[in-house]
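Okay, so here's the structure we're looking at.
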Amino acid sequence: MEKLMMNFADAHDAAVIHHVMIQAFTEYKDETPPSSALEETVQSVAESLQKGERALMVFEGKEPVGMVRFQVTKEGLYFYRLSVIPEKQGQGIAKKMLYGLEDLVKKEQLSTILCKVRMTVPKNIQLYRSIGYEISDEEIVHKPNGQQVSVVTMKKTNV
């Protein structure tokens with residue numbers, strides 16, 4: 001495996017961010033309901049980045065292999081759409097991105113990093129638990145189509 005490099009992205013990177021995200025989230029296409037990540041477009045990603053959302057990308061050589069989107073909220077650094085392309089999953093790339101976000105939390109003098117995770121995806125809950133995240137809340141998200149999704153908020157404080 002070539003050396004992994006992390007870079008912050010901007011709206012010009014929307015197509016690459018979208019491509020990595022769609023590859024990673026395709027595994028959830030048969031979930032009920034499917035992940036809303038699969039409904040996003042390059043344009044919607046670009047617009048979100050133009051409105052203040054941020055992204056961190058991971059490259060192996062010149063190839064994008066992972067990305068995560070995030071924003072600073074009153075609660076702390078909230079991240080979402082953590083994505084690693086399928087053929088690179090299980091190689092520590094997600095953890096590398098999470099540690100990169102934790103470095104940013106320290107740099108920006110925040111105290112908390114958090115995300116929401118579907119309760120139906122225990123491997124993702126386990127990933128976050130393995131590096132010190134704890135479940136801080138459970139909720140039912142009501143989708144516009146009337147479907148419901150059970151999610152947990154996973155949080156790490158005093159980063």
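In the structure tokens, the first chain shown is A, the next is B, and so on; residue numbers restart at 1 for each chain, and ligands run from 1 in the order shown.
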
Just the alpha helix (DSSP H) stuff from chain A, please, per backbone DSSP, written as a PyMOL selection string. chain A and resi 14-25+42-50+93-107+122-129

Dump as an mmCIF file, in the first residue's frame, selection limited to C-alpha atoms:
```
data_model
loop_
_atom_site.group_PDB
_atom_site.id
_atom_site.type_symbol
_atom_site.label_atom_id
_atom_site.label_comp_id
_atom_site.auth_asym_id
_atom_site.auth_seq_id
_atom_site.Cartn_x
_atom_site.Cartn_y
_atom_site.Cartn_z
ATOM 1 C CA ALA A 14 -17.120 17.915 -5.193
ATOM 2 C CA ALA A 15 -17.034 15.400 -8.058
ATOM 3 C CA VAL A 16 -14.303 13.325 -6.398
ATOM 4 C CA ILE A 17 -15.975 13.570 -2.976
ATOM 5 C CA HIS A 18 -19.279 12.454 -4.513
ATOM 6 C CA HIS A 19 -17.634 9.571 -6.390
ATOM 7 C CA VAL A 20 -15.939 8.191 -3.255
ATOM 8 C CA MET A 21 -19.135 8.607 -1.218
ATOM 9 C CA ILE A 22 -21.322 6.790 -3.758
ATOM 10 C CA GLN A 23 -18.844 3.896 -3.965
ATOM 11 C CA ALA A 24 -18.815 3.550 -0.181
ATOM 12 C CA PHE A 25 -22.555 3.971 0.397
ATOM 13 C CA VAL A 42 -22.139 16.424 -7.377
ATOM 14 C CA GLN A 43 -24.019 19.723 -7.396
ATOM 15 C CA SER A 44 -25.574 19.180 -3.956
ATOM 16 C CA VAL A 45 -22.154 18.305 -2.527
ATOM 17 C CA ALA A 46 -20.612 21.409 -4.132
ATOM 18 C CA GLU A 47 -23.406 23.610 -2.788
ATOM 19 C CA SER A 48 -22.955 22.223 0.727
ATOM 20 C CA LEU A 49 -19.226 22.936 0.565
ATOM 21 C CA GLN A 50 -19.890 26.457 -0.694
ATOM 22 C CA ILE A 93 -8.242 4.496 6.422
ATOM 23 C CA ALA A 94 -11.417 5.428 8.318
ATOM 24 C CA LYS A 95 -9.485 5.602 11.587
ATOM 25 C CA LYS A 96 -6.810 7.736 9.929
ATOM 26 C CA MET A 97 -9.508 10.213 8.869
ATOM 27 C CA LEU A 98 -11.065 10.195 12.333
ATOM 28 C CA TYR A 99 -7.694 10.881 13.949
ATOM 29 C CA GLY A 100 -7.210 13.699 11.424
ATOM 30 C CA LEU A 101 -10.539 15.180 12.497
ATOM 31 C CA GLU A 102 -9.555 14.813 16.150
ATOM 32 C CA ASP A 103 -6.373 16.786 15.430
ATOM 33 C CA LEU A 104 -8.576 19.506 13.954
ATOM 34 C CA VAL A 105 -10.804 19.435 17.058
ATOM 35 C CA LYS A 106 -7.719 20.127 19.186
ATOM 36 C CA LYS A 107 -6.431 22.817 16.824
ATOM 37 C CA PRO A 122 -23.253 -2.491 14.144
ATOM 38 C CA LYS A 123 -19.858 -2.628 12.375
ATOM 39 C CA ASN A 124 -19.888 1.176 12.169
ATOM 40 C CA ILE A 125 -20.880 1.526 15.826
ATOM 41 C CA GLN A 126 -18.021 -0.845 16.692
ATOM 42 C CA LEU A 127 -15.546 1.188 14.610
ATOM 43 C CA TYR A 128 -16.284 4.324 16.620
ATOM 44 C CA ARG A 129 -16.342 2.465 19.952
#
```

Please report as a tab-separated table every residue of segment 18-64 of chain A lying within 12 Å of segment 132-150 of chain A, along with the nearest atom pair and their distance in Å (one decimal), using only C-alpha atoms.
```
residue	atom	partner	partner_atom	distance
A:Glu31	CA	A:Val149	CA	10.0
A:Thr32	CA	A:Gln147	CA	7.8
A:Pro33	CA	A:Gln147	CA	6.5
A:Pro34	CA	A:Val149	CA	9.8
A:Ser35	CA	A:Val149	CA	9.7
A:Ser36	CA	A:Lys143	CA	9.1
```

Save out the residues we just selected, N, CA and C atoms, as a short mmCIF file (atom, residue, chain, number, x, y, z; two decimals), in the first residue's frame.
```
data_model
loop_
_atom_site.label_atom_id
_atom_site.label_comp_id
_atom_site.auth_asym_id
_atom_site.auth_seq_id
_atom_site.Cartn_x
_atom_site.Cartn_y
_atom_site.Cartn_z
N GLU A 31 -30.88 -1.10 2.12
CA GLU A 31 -31.38 -0.85 3.48
C GLU A 31 -32.77 -0.23 3.38
N THR A 32 -33.54 -0.32 4.44
CA THR A 32 -34.85 0.31 4.49
C THR A 32 -34.82 1.39 5.54
N PRO A 33 -34.88 2.66 5.15
CA PRO A 33 -34.74 3.14 3.77
C PRO A 33 -33.27 3.17 3.38
N PRO A 34 -33.00 3.24 2.06
CA PRO A 34 -31.61 3.37 1.62
C PRO A 34 -31.00 4.66 2.17
N SER A 35 -29.69 4.71 2.27
CA SER A 35 -29.03 5.91 2.77
C SER A 35 -29.32 7.09 1.86
N SER A 36 -29.61 8.23 2.47
CA SER A 36 -29.85 9.45 1.68
C SER A 36 -28.57 9.91 0.99
#
```

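Atom to atom, atom CA of Lys62 of chain A and atom CA of Gln89 of chain A stand 17.6 Å apart.
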
What's the 8 Å shell around Ala55 of chain A, counting only C-alpha atoms, without same-chain residues fewer than 3 positions away, as a short mmCIF file (atom, residue, chain, number, x, y, z; two decimals) with C-alpha atoms, in the first residue's frame?
```
data_model
loop_
_atom_site.label_atom_id
_atom_site.label_comp_id
_atom_site.auth_asym_id
_atom_site.auth_seq_id
_atom_site.Cartn_x
_atom_site.Cartn_y
_atom_site.Cartn_z
CA PHE A 8 -8.78 19.28 3.15
CA ALA A 9 -11.10 19.70 0.19
CA ASP A 10 -13.25 22.47 -1.21
CA LEU A 49 -19.23 22.94 0.57
CA MET A 67 -13.41 11.14 2.51
CA VAL A 68 -15.45 12.55 5.36
CA ARG A 69 -17.61 15.67 5.46
CA PHE A 70 -18.01 17.79 8.57
#
```

If you run DSSP on the backbone here, which positions in segment 50-140 of chain A get strand (DSSP E)? Please write them as a PyMOL selection string. chain A and resi 54-60+63-73+76-84+112-118+134-140

Test item: residues at most 6 Å from segment 109-113 of chain A, only C-alpha atoms, excluding those fewer than 2 positions along its chain, as a list in words: Gly76, Leu77, Tyr78, Val105, Lys106, Lys107, Lys155, Lys156, Thr157, Asn158 and Val159 of chain A

Go ahead and write the selection's residues with C-alpha atoms as a compact mmCIF listing (two decimals), in the first residue's frame.
```
# COMPACT_ATOMS: atom_id res chain seq x y z
CA GLY A 76 -18.53 20.38 18.51
CA LEU A 77 -17.20 18.94 15.27
CA TYR A 78 -20.04 16.99 13.66
CA VAL A 105 -10.80 19.43 17.06
CA LYS A 106 -7.72 20.13 19.19
CA LYS A 107 -6.43 22.82 16.82
CA LYS A 155 -19.59 11.16 20.74
CA LYS A 156 -16.04 11.52 21.98
CA THR A 157 -15.32 14.29 24.46
CA ASN A 158 -12.12 15.81 25.79
CA VAL A 159 -10.40 14.94 22.52
```

Quick one, how far is atom CA of Glu63 of chain A from atom CA of Met154 of chain A? 29.5 Å

Who sits within 8 Å of Val58 of chain A, only C-alpha atoms, same chain under 2 positions skipped, as a list in words: Leu4, Met5, Met6, Asn7, Leu56, Glu60, Pro64, Val65, Gly66, Met67, Ile93 and Met97 of chain A

I need the residues from that last selection saved to file as a CSV table (one decimal), in the first residue's frame (with N, CA and C atoms), if you can.
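Saved result, result10.csv, follows:
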```csv
chain,number,residue,atom,x,y,z
A,4,LEU,N,-0.5,7.0,2.6
A,4,LEU,CA,-1.7,7.7,2.6
A,4,LEU,C,-1.5,9.2,2.9
A,5,MET,N,-2.1,10.1,2.1
A,5,MET,CA,-2.0,11.5,2.3
A,5,MET,C,-3.4,12.1,2.5
A,6,MET,N,-3.5,13.0,3.5
A,6,MET,CA,-4.8,13.6,3.8
A,6,MET,C,-4.8,15.1,3.4
A,7,ASN,N,-5.8,15.5,2.8
A,7,ASN,CA,-5.9,16.9,2.4
A,7,ASN,C,-7.4,17.4,2.7
A,56,LEU,N,-12.6,16.3,4.4
A,56,LEU,CA,-11.2,15.8,4.4
A,56,LEU,C,-11.2,14.6,3.5
A,60,GLU,N,-4.3,7.6,-1.8
A,60,GLU,CA,-3.2,6.6,-1.8
A,60,GLU,C,-2.5,6.9,-3.1
A,64,PRO,N,-8.0,8.8,-4.9
A,64,PRO,CA,-8.8,9.1,-3.7
A,64,PRO,C,-9.4,7.8,-3.2
A,65,VAL,N,-9.2,7.5,-1.9
A,65,VAL,CA,-9.7,6.3,-1.3
A,65,VAL,C,-10.6,6.5,-0.1
A,66,GLY,N,-10.7,7.7,0.3
A,66,GLY,CA,-11.7,8.0,1.4
A,66,GLY,C,-12.0,9.5,1.6
A,67,MET,N,-13.1,9.8,2.2
A,67,MET,CA,-13.4,11.1,2.5
A,67,MET,C,-14.4,11.2,3.7
A,93,ILE,N,-8.1,3.2,7.0
A,93,ILE,CA,-8.2,4.5,6.4
A,93,ILE,C,-9.3,5.3,7.2
A,97,MET,N,-8.7,9.0,9.1
A,97,MET,CA,-9.5,10.2,8.9
A,97,MET,C,-10.1,10.7,10.2
```
